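Q: Below: one structure in structure tokens.
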Amino acid sequence: QGVVTQVLPTRGYSTGGQVVTVLGFNFWDSPLLQCRFGPVVSPSSTFVNGTMLLCVSPPSNDTVPVDVTFNEQEFSNNSVLFVNYQRPVALSVFPKRIPADTTEFVVITGQHFKVFEMGFRCLFVSPTLTIIQPGYPEGTNGDQIRCQVPPSAENTITLVYVSIDAQQYSTAYMPIYHYDLAAITPFTGPITGGTIVTARGYFLGGEAEPRCQYLSQDGLWLHGTINNTIYSAVLDTSGKGFSEGTHNLTMGSCIDGTDVAYAIDITEISGGFVDGTYGLLVECNPPCTGP
């Protein structure tokens, strides 16, 4: 009589069809060979050698013992268990859009997110990168996983798959869009403000109300230019951060609270930014006396 000591893998989808390696001893090549998962006989059992069989798991929603017989009458009884579980299904991801070239946590909502000892995993696939990231339970309903999306270039889509055992992944995926700002029209305007600017780019439709931000408004900083540009425009379409695209608005003079215009002095400052790149300081000449 054969003895089962181990099965690999130890789990499979409840739909069945998982090829399971059954290890043990006293196996022999019998025409009456059968593997049994709980009360159900395997649809296919194959003899490999005296210590190995290949058996296909039948459909089941339960955790069941795996036994073997070589005469269709006497089965082993060694209580080696095989866990059947439902395939995880990803139904939605939030946010669907994140700024290009940045990393962000997203929350995936789905079904059958039962976690095993290896924990959740998220598989991210983009045109330039395939990476597996750890996942973390989110919320209290057991239907959400939080994972960190790797950076990706503008105008690209990253697909995310989920796993609850770090072995097998969902067949369905959720797309994540990497947005960026490509151009603004017009790119000049009066120094008093009020210009309506049209922004164009990639995947700009989002879940949140779009926000435009004109950088350097307070400190009048510039980056990588020596003209009279004082604003860099960036865009947020998901509520998760501004795009990295830098597109400039130009002005030719300062103006103070009494409507007096001044010329602009531009001074280059090395190491002026956090990343160590150089910048430009824009000042009124003479200094503005009004607000």
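By convention in this document, the chains of the structure tokens carry letters A, B, ... by their order, each chain's residues are numbered from 1, and ligands are numbered from 1 in the order they are shown.
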Which residues come within 6 Å of region 61-78 of chain A, counting only C-alpha atoms, excluding same-chain residues fewer than 6 positions away, as a list in words?

A: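 Once the nearby chain positions are removed, what remains is Val3, Ser14, Ser30, Leu32, Leu33, Gln34, Cys35, Arg36, Phe37, Gly38 and Asn84 of chain A.
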
Q: Using N, CA, C and O atoms, can you export the residues from the last selection as an mmCIF file, in the first residue's frame?

A:
```cif
data_model
loop_
_atom_site.group_PDB
_atom_site.id
_atom_site.type_symbol
_atom_site.label_atom_id
_atom_site.label_comp_id
_atom_site.auth_asym_id
_atom_site.auth_seq_id
_atom_site.Cartn_x
_atom_site.Cartn_y
_atom_site.Cartn_z
ATOM 1 N N VAL A 3 2.130 5.156 0.488
ATOM 2 C CA VAL A 3 2.084 6.125 1.577
ATOM 3 C C VAL A 3 2.383 7.511 1.005
ATOM 4 O O VAL A 3 3.398 7.707 0.335
ATOM 5 N N SER A 14 -10.385 26.503 -6.564
ATOM 6 C CA SER A 14 -11.537 25.629 -6.348
ATOM 7 C C SER A 14 -12.131 25.115 -7.653
ATOM 8 O O SER A 14 -12.920 24.167 -7.637
ATOM 9 N N SER A 30 0.635 0.890 -11.659
ATOM 10 C CA SER A 30 -0.534 0.011 -11.720
ATOM 11 C C SER A 30 -1.562 0.583 -12.685
ATOM 12 O O SER A 30 -1.797 1.799 -12.705
ATOM 13 N N LEU A 32 -4.564 0.365 -12.257
ATOM 14 C CA LEU A 32 -5.675 0.761 -11.389
ATOM 15 C C LEU A 32 -5.308 1.940 -10.485
ATOM 16 O O LEU A 32 -6.018 2.243 -9.526
ATOM 17 N N LEU A 33 -4.213 2.639 -10.832
ATOM 18 C CA LEU A 33 -3.768 3.775 -10.035
ATOM 19 C C LEU A 33 -4.833 4.874 -10.028
ATOM 20 O O LEU A 33 -5.371 5.248 -11.076
ATOM 21 N N GLN A 34 -5.108 5.416 -8.836
ATOM 22 C CA GLN A 34 -6.018 6.553 -8.681
ATOM 23 C C GLN A 34 -5.528 7.443 -7.548
ATOM 24 O O GLN A 34 -5.025 6.956 -6.532
ATOM 25 N N CYS A 35 -5.681 8.739 -7.747
ATOM 26 C CA CYS A 35 -5.501 9.708 -6.663
ATOM 27 C C CYS A 35 -6.882 10.194 -6.248
ATOM 28 O O CYS A 35 -7.783 10.341 -7.087
ATOM 29 N N ARG A 36 -7.033 10.455 -4.971
ATOM 30 C CA ARG A 36 -8.331 10.896 -4.475
ATOM 31 C C ARG A 36 -8.139 12.149 -3.616
ATOM 32 O O ARG A 36 -7.286 12.179 -2.728
ATOM 33 N N PHE A 37 -8.932 13.180 -3.938
ATOM 34 C CA PHE A 37 -8.936 14.425 -3.173
ATOM 35 C C PHE A 37 -10.228 14.460 -2.377
ATOM 36 O O PHE A 37 -11.303 14.742 -2.926
ATOM 37 N N GLY A 38 -10.118 14.126 -1.076
ATOM 38 C CA GLY A 38 -11.339 13.982 -0.294
ATOM 39 C C GLY A 38 -12.142 12.813 -0.840
ATOM 40 O O GLY A 38 -11.600 11.725 -1.086
ATOM 41 N N ASN A 84 -8.225 23.952 -1.259
ATOM 42 C CA ASN A 84 -8.887 24.548 -2.418
ATOM 43 C C ASN A 84 -9.387 25.943 -2.037
ATOM 44 O O ASN A 84 -9.969 26.132 -0.960
#
```

Q: Set out as a Markdown table a contact list for region 64-101 of chain A and region 149-170 of chain A with a cut-off of 6 Å, giving each residue of region 64-101 of chain A that qualifies its closest atom pair and distance in Å to one decimal, counting only C-alpha atoms, ordered by chain and rising residue number.

A:
```
| residue | atom | partner | partner_atom | distance |
| --- | --- | --- | --- | --- |
| A:Pro88 | CA | A:Ser170 | CA | 5.7 |
| A:Ala100 | CA | A:Glu154 | CA | 4.8 |
| A:Asp101 | CA | A:Pro151 | CA | 4.6 |
```

Q: Go ahead and write the residues just picked, N, CA, C and O atoms, as a PDB file, in the first residue's frame.

A:
```pdb
ATOM      1  N   PRO A  88      -8.719  34.856  -6.662  1.00  0.00           N
ATOM      2  CA  PRO A  88      -8.995  36.269  -6.379  1.00  0.00           C
ATOM      3  C   PRO A  88      -9.411  37.008  -7.646  1.00  0.00           C
ATOM      4  O   PRO A  88      -8.905  36.738  -8.735  1.00  0.00           O
ATOM      5  N   ALA A 100       3.041  60.610 -13.998  1.00  0.00           N
ATOM      6  CA  ALA A 100       4.131  59.862 -14.631  1.00  0.00           C
ATOM      7  C   ALA A 100       5.412  60.008 -13.823  1.00  0.00           C
ATOM      8  O   ALA A 100       5.650  61.031 -13.173  1.00  0.00           O
ATOM      9  N   ASP A 101       6.223  58.946 -13.852  1.00  0.00           N
ATOM     10  CA  ASP A 101       7.548  58.945 -13.224  1.00  0.00           C
ATOM     11  C   ASP A 101       7.489  59.120 -11.707  1.00  0.00           C
ATOM     12  O   ASP A 101       8.468  59.553 -11.089  1.00  0.00           O
TER      13      ASP A 101
END
```

Q: Could you name the residues that touch Gly12 (chain A) at 7 Å or less, counting only C-alpha atoms, but leaving out those on the same chain fewer than 6 positions away, as a list of chain:residue names?

A: A:Gln18, A:Val83, A:Asn84, A:Tyr85

Q: For Val7 (chain A), find every residue with an atom within 7 Å (counting only C-alpha atoms), except residues of its own chain fewer than 5 positions away, and show them as an MDAnalysis selection string.

A: chainID A and resid 20:23
